[in-house]
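Okay, structure first, notes after.
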Number of protein chains: 2
Amino acid sequence: MRETVTAKDVAKLAGVSQSSVSRVYFEGASVSEKTKKRVKEAAEELGYRPNVYARSLITNQSKIIGLVMKGVQNPFYAQALKRFSSLFKKHGYSVLFVYTNNDEIQQEDVETLLNYNVAGVVVTDATMLFSVGEEFKKNNIPLVFFNRKLSTENFYSVCCNNIDASRSIAKYLLSKGASELVLITGKVDTSTSIEREKGFCEVLDHQKVPYRIYNSDYTYEGGYHTAMTVLKEKRLPSAIFVANDIMAFGVIDALRKNGVRIPEDTKIVGFDNIDMASWPAYELTTWEQPIEEMINETVDYLMNEIASYTGLVRDIEVDGKFIERKTT
Amino acid sequence: MRETVTAKDVAKLAGVSQSSVSRVYFEGASVSEKTKKRVKEAAEELGYRPNVYARSLITNQSKIIGLVMKGVQNPFYAQALKRFSSLFKKHGYSVLFVYTNNDEIQQEDVETLLNYNVAGVVVTDATMLFSVGEEFKKNNIPLVFFNRKLSTENFYSVCCNNIDASRSIAKYLLSKGASELVLITGKVDTSTSIEREKGFCEVLDHQKVPYRIYNSDYTYEGGYHTAMTVLKEKRLPSAIFVANDIMAFGVIDALRKNGVRIPEDTKIVGFDNIDMASWPAYELTTWEQPIEEMINETVDYLMNEIASYTGLVRDIEVDGKFIERKTT
DNA sequence: CTGAAAGCGCTTACAG
DNA sequence: CTGAAAGCGCTTACAG
């Protein structure tokens with residue numbers, strides 16, 4: 001049987017009341033140093049550990065953050081997972097990991113989050129029905145979309161400045177003499193893909209430079225296949241902007257396999273600057289997402305809202321930077 | 001304020017006792033279809049959700065599995081994370097994700113797991129003090145080491161049959177005419193690296209084929225640097241067995257960068273068969289870890305132990321298979 | 001099958 | 001600062 005030492009047991013051994021024991025473990029309660037010491041000693045001896053369930057039942061609060069994630073396979077999100085976990089731990093929170101297979105958070109997952117009365121939630125690469133978001137609001141649970149933005153401006157989101165970034169990429173490619181371009185998008189309904197397309201095309205339209213758009217899906221395989229499609233057409237573009245790095249690797253591999261030299265025959269630019277982008281096999285020119293800053297912004301917001309809920313809604317955009325390597 | 005509908009409220013609306021409401025939501029309790037229906041309707045109307053904290057407080061059980069992971073950056077573990085999450089969800093369990101930066105699980109993380117009274121824990125790529133393991137045992141919490149094995153045979157573990165696998169790899173390389181070999185190990189104190197070294201060397205020793213061992217760390221960068229060291233020596237080995245795929249990519253990149261042709265000048269074999277191994281940039285010959293089976297074994301054990309704790313201890317080994325691609 | 005009641009291990013007014 | 005007591009929202013014997 002699971003041994004269970006309670007505050008009462010500790011109280012008896014320490015010769016104080018159960019309430020005093022409780023106060024020693026409850027932040028902000030007032031206890032004298034003397035009883036604190038006595039309690040700690042007794043607790044140590046007995047192996048006492050406050051019961052989080054009893055505590056949560058009373059305080060109606062938890063020390064858990066819900067982290068909703070789909071694309072763990074993309075190193076960008078793996079990195080995010082790592083940093084979020086470390087940071088939340090530092091703040092005293094544990095993470096309830098909710099893997100969602102669908103683009104949209106399922107009701108089942110929402111129930112889980114609500115059941116555990118999570119202190120806050122971060123959604124990294126999924127969308128959510130409007131009504132679902134309202135459920136969190138109704139319960140005063142802060143929620144932030146990380147690297148994603150909902151069209152209904154009703155939630156807090158933290159992204160990189162995708163539009164400016166892709167404008168810069170377009171300008172850079174033009175300055176390199178690109179005269180006919182291709183854009184390979186990510187999943188078409190994601191905010192990141194939409195914005196990267198917008199900034200990129202805006203500049204090209206303005207300069208009256210011709211370009212073609214191919215819709216893909218943010219995966220290596222998607223990039224690979226899309227590149228094959230591009231190859232089937234007669235003209236090879238002078239440059240390709242691929243909406244994320246992992247897809248760009250697929251594009252590069254497909255192109256190379258077909259004898260296309262990079263950057264001589266065509267230039268490639270990715271987006272994210274994941275670790276792999278600097279690998280000798282790729283040395284990909286890309287846009288660095290300021291992941292650390294983005295995560296800090298996310299966690300700061302969450303911690304503030306947990307401390308005192310305001311329901312503040314904003315779209316935060318952090319600037320990244322261009323990283324030139326050997327694919328351009 | 002967070003709205004809070006309790007069983008009492010539902011009871012009043014449904015015209016039954018609070019206990020009956022409780023029984024409707026407690027698996028195994030006996031309730032008539034009639035009251036069940038009435039309760040469900042009232043609950044629906046009020047938006048009732050049983051409080052998991054109150055439930056856990058009483059039952060002294062939780063529906064949470066602790067998943068301890070370090071190497072999220074390695075696609076092998078990202079894949080595992082994904083599958084574990086899906087599977088546990090299917091079984092009605094949520095996952096408490098515990099990221100550990102150290103090779104060894106820290107006391108702080110153990111406290112978290114114990115505080116939440118997790119139903120079970122899986123440790124994927126970290127080790128643990130013996131005493132820590134005992135703490136879980138004392139609380140009848142089943143624990144399994146996934147893709148890792150402790151030398152003290154006191155825990156349940158699920159691995160691929162590393163020794164047989166690396167024996168096969170050595171034999172294969174010999175059959176391909178390799179006459180002087182190199183082994184690049186993973187982190188030296190991990191069971192997987194130790195076993196892969198053991199199986200590989202055993203065959204070579206037996207055949208009296210010369211080889212050299214270089215210790216590395218299971219990361220891309222480690223593989224890259226180790227390969228550079230290998231290159232500094234005069235003779236290029238005719239084949240290199242790299243203890244995991246991600247490291248093998250680093251080795252390949254370093255070698256290619258220095259004009260070494262693969263497989264003409266030297267052959268490379270990895271281990272894991274992560275998705276990337278089939279990418280055109282690498283097309284790595286490797287050993288496929290039966291990850292799906294390994295995960296199923298892990299989850300099955302955990303679910304059985306949760307249903308009725310036996311404390312069974314065993315080292316499970318699942319066979320993988322050789323995947324020949326273009327690096328040999 | 002159902003209800004009244006005790007109790008899980010805490011927090012938190014309320015007095016002192 | 002401290003203790004006695006109420007109560008958080010459930011589960012679970014115990015009767016009926």
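Here's how to read the names in the structure tokens: chain A, B, ... by the order shown, residue numbers from 1 in each chain, ligand numbers from 1 in the order shown.
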
| task | Restrict the distance test to only C-alpha atoms (C1' of nucleotides), flag each residue of chain A within 12 Å of chain C, and return the flagged residues as a VMD selection string. | result | chain A and resid 4 to 9 18 to 27 29 49 to 60

Write a file of the selected residues as an mmCIF file, in the first residue's frame, keeping C-alpha atoms.
data_model
loop_
_atom_site.group_PDB
_atom_site.id
_atom_site.type_symbol
_atom_site.label_atom_id
_atom_site.label_comp_id
_atom_site.auth_asym_id
_atom_site.auth_seq_id
_atom_site.Cartn_x
_atom_site.Cartn_y
_atom_site.Cartn_z
ATOM 1 C CA THR A 4 0.636 8.086 3.493
ATOM 2 C CA VAL A 5 2.061 10.487 6.015
ATOM 3 C CA THR A 6 -0.301 13.373 6.664
ATOM 4 C CA ALA A 7 0.031 16.763 8.257
ATOM 5 C CA LYS A 8 -1.665 15.301 11.282
ATOM 6 C CA ASP A 9 1.126 12.779 11.791
ATOM 7 C CA GLN A 18 -2.142 20.367 12.151
ATOM 8 C CA SER A 19 -2.832 23.924 11.007
ATOM 9 C CA SER A 20 0.675 24.910 11.907
ATOM 10 C CA VAL A 21 2.073 22.145 9.807
ATOM 11 C CA SER A 22 -0.070 23.321 6.964
ATOM 12 C CA ARG A 23 1.178 26.868 7.379
ATOM 13 C CA VAL A 24 4.772 25.775 7.107
ATOM 14 C CA TYR A 25 4.072 24.428 3.643
ATOM 15 C CA PHE A 26 1.747 27.117 2.467
ATOM 16 C CA GLU A 27 3.544 30.043 0.949
ATOM 17 C CA ALA A 29 1.273 31.936 5.814
ATOM 18 C CA ARG A 49 4.929 15.434 1.441
ATOM 19 C CA PRO A 50 1.914 17.745 1.247
ATOM 20 C CA ASN A 51 -0.875 16.226 -0.795
ATOM 21 C CA VAL A 52 -1.278 18.309 -3.940
ATOM 22 C CA TYR A 53 -4.758 16.965 -4.540
ATOM 23 C CA ALA A 54 -6.068 18.097 -1.188
ATOM 24 C CA ARG A 55 -4.430 21.433 -1.751
ATOM 25 C CA SER A 56 -5.858 21.898 -5.219
ATOM 26 C CA LEU A 57 -9.264 20.838 -4.022
ATOM 27 C CA ILE A 58 -9.286 23.678 -1.533
ATOM 28 C CA THR A 59 -7.457 26.400 -3.376
ATOM 29 C CA ASN A 60 -9.131 25.559 -6.635
#

Tell me, counting only C-alpha atoms, for each residue of chain B within 7 Å of chain A, which pair of atoms is nearest and how far apart they are in Å to one decimal, in rows ordered by chain and increasing number, as CSV.
residue,atom,partner,partner_atom,distance
B:Met1,CA,A:Asn139,CA,6.8
B:Arg2,CA,A:Asn139,CA,4.4
B:Glu3,CA,A:Asn139,CA,6.5
B:Asn51,CA,A:Asn115,CA,6.6
B:Val52,CA,A:Asn115,CA,6.2
B:Tyr53,CA,A:Tyr53,CA,4.8
B:Ala54,CA,A:Leu57,CA,5.8
B:Ser56,CA,A:Tyr53,CA,6.4
B:Leu57,CA,A:Tyr53,CA,5.4
B:Val72,CA,A:Ala78,CA,5.9
B:Gln73,CA,A:Ala78,CA,5.8
B:Pro75,CA,A:Gln73,CA,6.4
B:Ala78,CA,A:Gln73,CA,5.8
B:Gln79,CA,A:Gln73,CA,6.7
B:Lys82,CA,A:Tyr99,CA,6.8
B:Ser85,CA,A:Tyr99,CA,6.1
B:Ser86,CA,A:Tyr99,CA,6.9
B:Val95,CA,A:Phe97,CA,5.6
B:Leu96,CA,A:Leu96,CA,4.7
B:Phe97,CA,A:Val95,CA,5.6
B:Tyr99,CA,A:Ser85,CA,6.1
B:Asn115,CA,A:Val52,CA,6.2
B:Tyr116,CA,A:Val52,CA,6.6
B:Lys138,CA,A:Arg2,CA,6.9
B:Asn139,CA,A:Arg2,CA,4.4
B:Asn140,CA,A:Arg2,CA,6.3
B:Asp253,CA,A:Pro280,CA,5.8
B:Pro280,CA,A:Asp253,CA,5.7
B:Ala281,CA,A:Asp253,CA,5.8

Emit the selected residues as a compact mmCIF listing (two decimals), in the first residue's frame, including N, CA and C atoms.
# COMPACT_ATOMS: atom_id res chain seq x y z
N MET B 1 -14.59 34.76 -11.58
CA MET B 1 -14.33 33.55 -10.78
C MET B 1 -14.62 32.29 -11.59
N ARG B 2 -13.87 31.27 -11.30
CA ARG B 2 -14.09 30.02 -12.01
C ARG B 2 -15.40 29.42 -11.51
N GLU B 3 -16.28 29.22 -12.43
CA GLU B 3 -17.58 28.66 -12.07
C GLU B 3 -17.34 27.25 -11.53
N ASN B 51 -14.74 16.73 -10.22
CA ASN B 51 -13.47 17.32 -9.81
C ASN B 51 -12.42 16.23 -9.60
N VAL B 52 -11.42 16.24 -10.48
CA VAL B 52 -10.40 15.19 -10.41
C VAL B 52 -9.59 15.26 -9.12
N TYR B 53 -9.47 16.43 -8.56
CA TYR B 53 -8.68 16.56 -7.34
C TYR B 53 -9.38 15.92 -6.16
N ALA B 54 -10.67 16.14 -6.07
CA ALA B 54 -11.43 15.52 -4.99
C ALA B 54 -11.38 14.00 -5.16
N SER B 56 -9.09 12.18 -6.70
CA SER B 56 -7.77 11.64 -6.41
C SER B 56 -7.48 11.66 -4.91
N LEU B 57 -8.00 12.67 -4.27
CA LEU B 57 -7.78 12.77 -2.83
C LEU B 57 -8.35 11.55 -2.12
N VAL B 72 14.76 15.09 -26.28
CA VAL B 72 13.68 15.42 -27.21
C VAL B 72 14.19 15.82 -28.59
N GLN B 73 15.42 16.29 -28.63
CA GLN B 73 15.99 16.76 -29.90
C GLN B 73 16.27 15.60 -30.85
N PRO B 75 15.15 12.75 -32.98
CA PRO B 75 13.87 12.36 -33.57
C PRO B 75 13.34 11.02 -33.04
N ALA B 78 11.45 11.99 -30.08
CA ALA B 78 10.29 12.81 -30.45
C ALA B 78 9.18 11.87 -30.91
N GLN B 79 9.58 10.89 -31.68
CA GLN B 79 8.65 9.88 -32.16
C GLN B 79 8.03 9.12 -30.99
N LYS B 82 5.46 11.14 -29.10
CA LYS B 82 4.21 11.19 -29.85
C LYS B 82 3.40 9.92 -29.64
N SER B 85 2.17 9.42 -25.97
CA SER B 85 1.06 10.32 -25.66
C SER B 85 -0.25 9.79 -26.23
N SER B 86 -0.20 9.39 -27.48
CA SER B 86 -1.41 8.88 -28.13
C SER B 86 -1.94 7.65 -27.41
N VAL B 95 -0.44 12.72 -19.71
CA VAL B 95 0.98 12.61 -19.42
C VAL B 95 1.56 13.87 -18.83
N LEU B 96 2.25 13.65 -17.73
CA LEU B 96 3.00 14.71 -17.06
C LEU B 96 4.39 14.63 -17.67
N PHE B 97 4.75 15.64 -18.41
CA PHE B 97 6.03 15.61 -19.10
C PHE B 97 7.13 16.17 -18.22
N TYR B 99 10.93 17.02 -18.23
CA TYR B 99 12.15 17.15 -19.00
C TYR B 99 13.32 17.21 -18.02
N ASN B 115 4.55 13.75 -5.92
CA ASN B 115 3.50 14.67 -5.50
C ASN B 115 2.20 14.42 -6.26
N TYR B 116 2.33 14.20 -7.53
CA TYR B 116 1.13 13.98 -8.33
C TYR B 116 0.69 12.53 -8.27
N LYS B 138 8.35 1.66 -3.20
CA LYS B 138 7.73 1.76 -1.89
C LYS B 138 6.28 2.24 -2.04
N ASN B 139 6.05 3.06 -3.05
CA ASN B 139 4.71 3.59 -3.26
C ASN B 139 3.91 2.78 -4.29
N ASN B 140 4.47 1.61 -4.63
CA ASN B 140 3.80 0.76 -5.61
C ASN B 140 3.53 1.44 -6.95
N ASP B 253 28.49 13.83 -42.80
CA ASP B 253 28.74 15.21 -43.22
C ASP B 253 30.21 15.59 -43.10
N PRO B 280 17.08 11.43 -48.90
CA PRO B 280 18.06 11.35 -49.98
C PRO B 280 19.44 11.90 -49.61
N ALA B 281 19.47 12.84 -48.70
CA ALA B 281 20.77 13.41 -48.32
C ALA B 281 21.64 12.36 -47.64

| query | as a count of residues only, which residues of stretch 22-261 of chain A does DSSP assign to strand (DSSP E or B)? | reply | 39

| atom CA of B:Lys187 to atom CA of B:Asp205, straight-line distance in Å |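 Going from atom CA of B:Asp205 over to atom CA of B:Lys187, I get 22.2 Å.
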
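Non-sequential neighbours of A:Val313 (distance at most 10 Å, separation of 2 or more positions within a chain, only C-alpha atoms (C1' of nucleotides)) are Pro142, Leu143, Val144, Glu153, Asn154, Phe155, Tyr156, Ser157, Thr310, Gly311, Asp315 and Ile316 of chain A.
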
Please dump the current selection as an mmCIF file, in the first residue's frame; keep C-alpha atoms.
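What landed in out_7.cif:
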data_model
loop_
_atom_site.group_PDB
_atom_site.id
_atom_site.type_symbol
_atom_site.label_atom_id
_atom_site.label_comp_id
_atom_site.auth_asym_id
_atom_site.auth_seq_id
_atom_site.Cartn_x
_atom_site.Cartn_y
_atom_site.Cartn_z
ATOM 1 C CA PRO A 142 -4.966 32.262 -19.577
ATOM 2 C CA LEU A 143 -4.131 30.801 -22.947
ATOM 3 C CA VAL A 144 -1.544 31.763 -25.496
ATOM 4 C CA GLU A 153 -8.350 38.540 -32.607
ATOM 5 C CA ASN A 154 -9.582 37.245 -29.325
ATOM 6 C CA PHE A 155 -6.537 35.539 -27.955
ATOM 7 C CA TYR A 156 -3.051 36.303 -26.921
ATOM 8 C CA SER A 157 -0.459 35.118 -29.380
ATOM 9 C CA THR A 310 -6.803 40.381 -16.727
ATOM 10 C CA GLY A 311 -7.815 38.539 -19.886
ATOM 11 C CA ASP A 315 -0.731 39.685 -30.910
ATOM 12 C CA ILE A 316 2.903 39.884 -29.942
#

| query | If you measure from atom CA of A:Val203 to atom CA of A:Ala165, what distance in Å do you get, rounded to one decimal? | reply | 11.4 Å

| request: Give me every helix (DSSP H, G or I) residue in stretch 72-311 of chain B, going by DSSP on the backbone, as a PyMOL selection string. | output: chain B and resi 75-90+107-115+130-138+162-175+191-207+220-232+245-257+275-278+291-307

| Leaving out A:Thr226 and any residue of its chain fewer than 3 positions from it, which residues lie within 8 Å of it when counting only C-alpha atoms (C1' of nucleotides), given as a list in words? | Ile184, Tyr214, Asn215, Ser216, Gly222, Gly223, Thr229, Val230 and Val251 of chain A

| Interatomic distance (Å, one decimal) between atom CA of A:Met247 and atom CA of A:Lys171 | 21.3 Å

| In terms of the shortest atom-to-atom distance over only C-alpha atoms, which of B:Asp217, B:Ala43, B:Ser175, B:Glu202 is closest to B:Ala14? |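 When distances to B:Ala14 are compared using only C-alpha atoms, the smallest one comes from B:Ala43.
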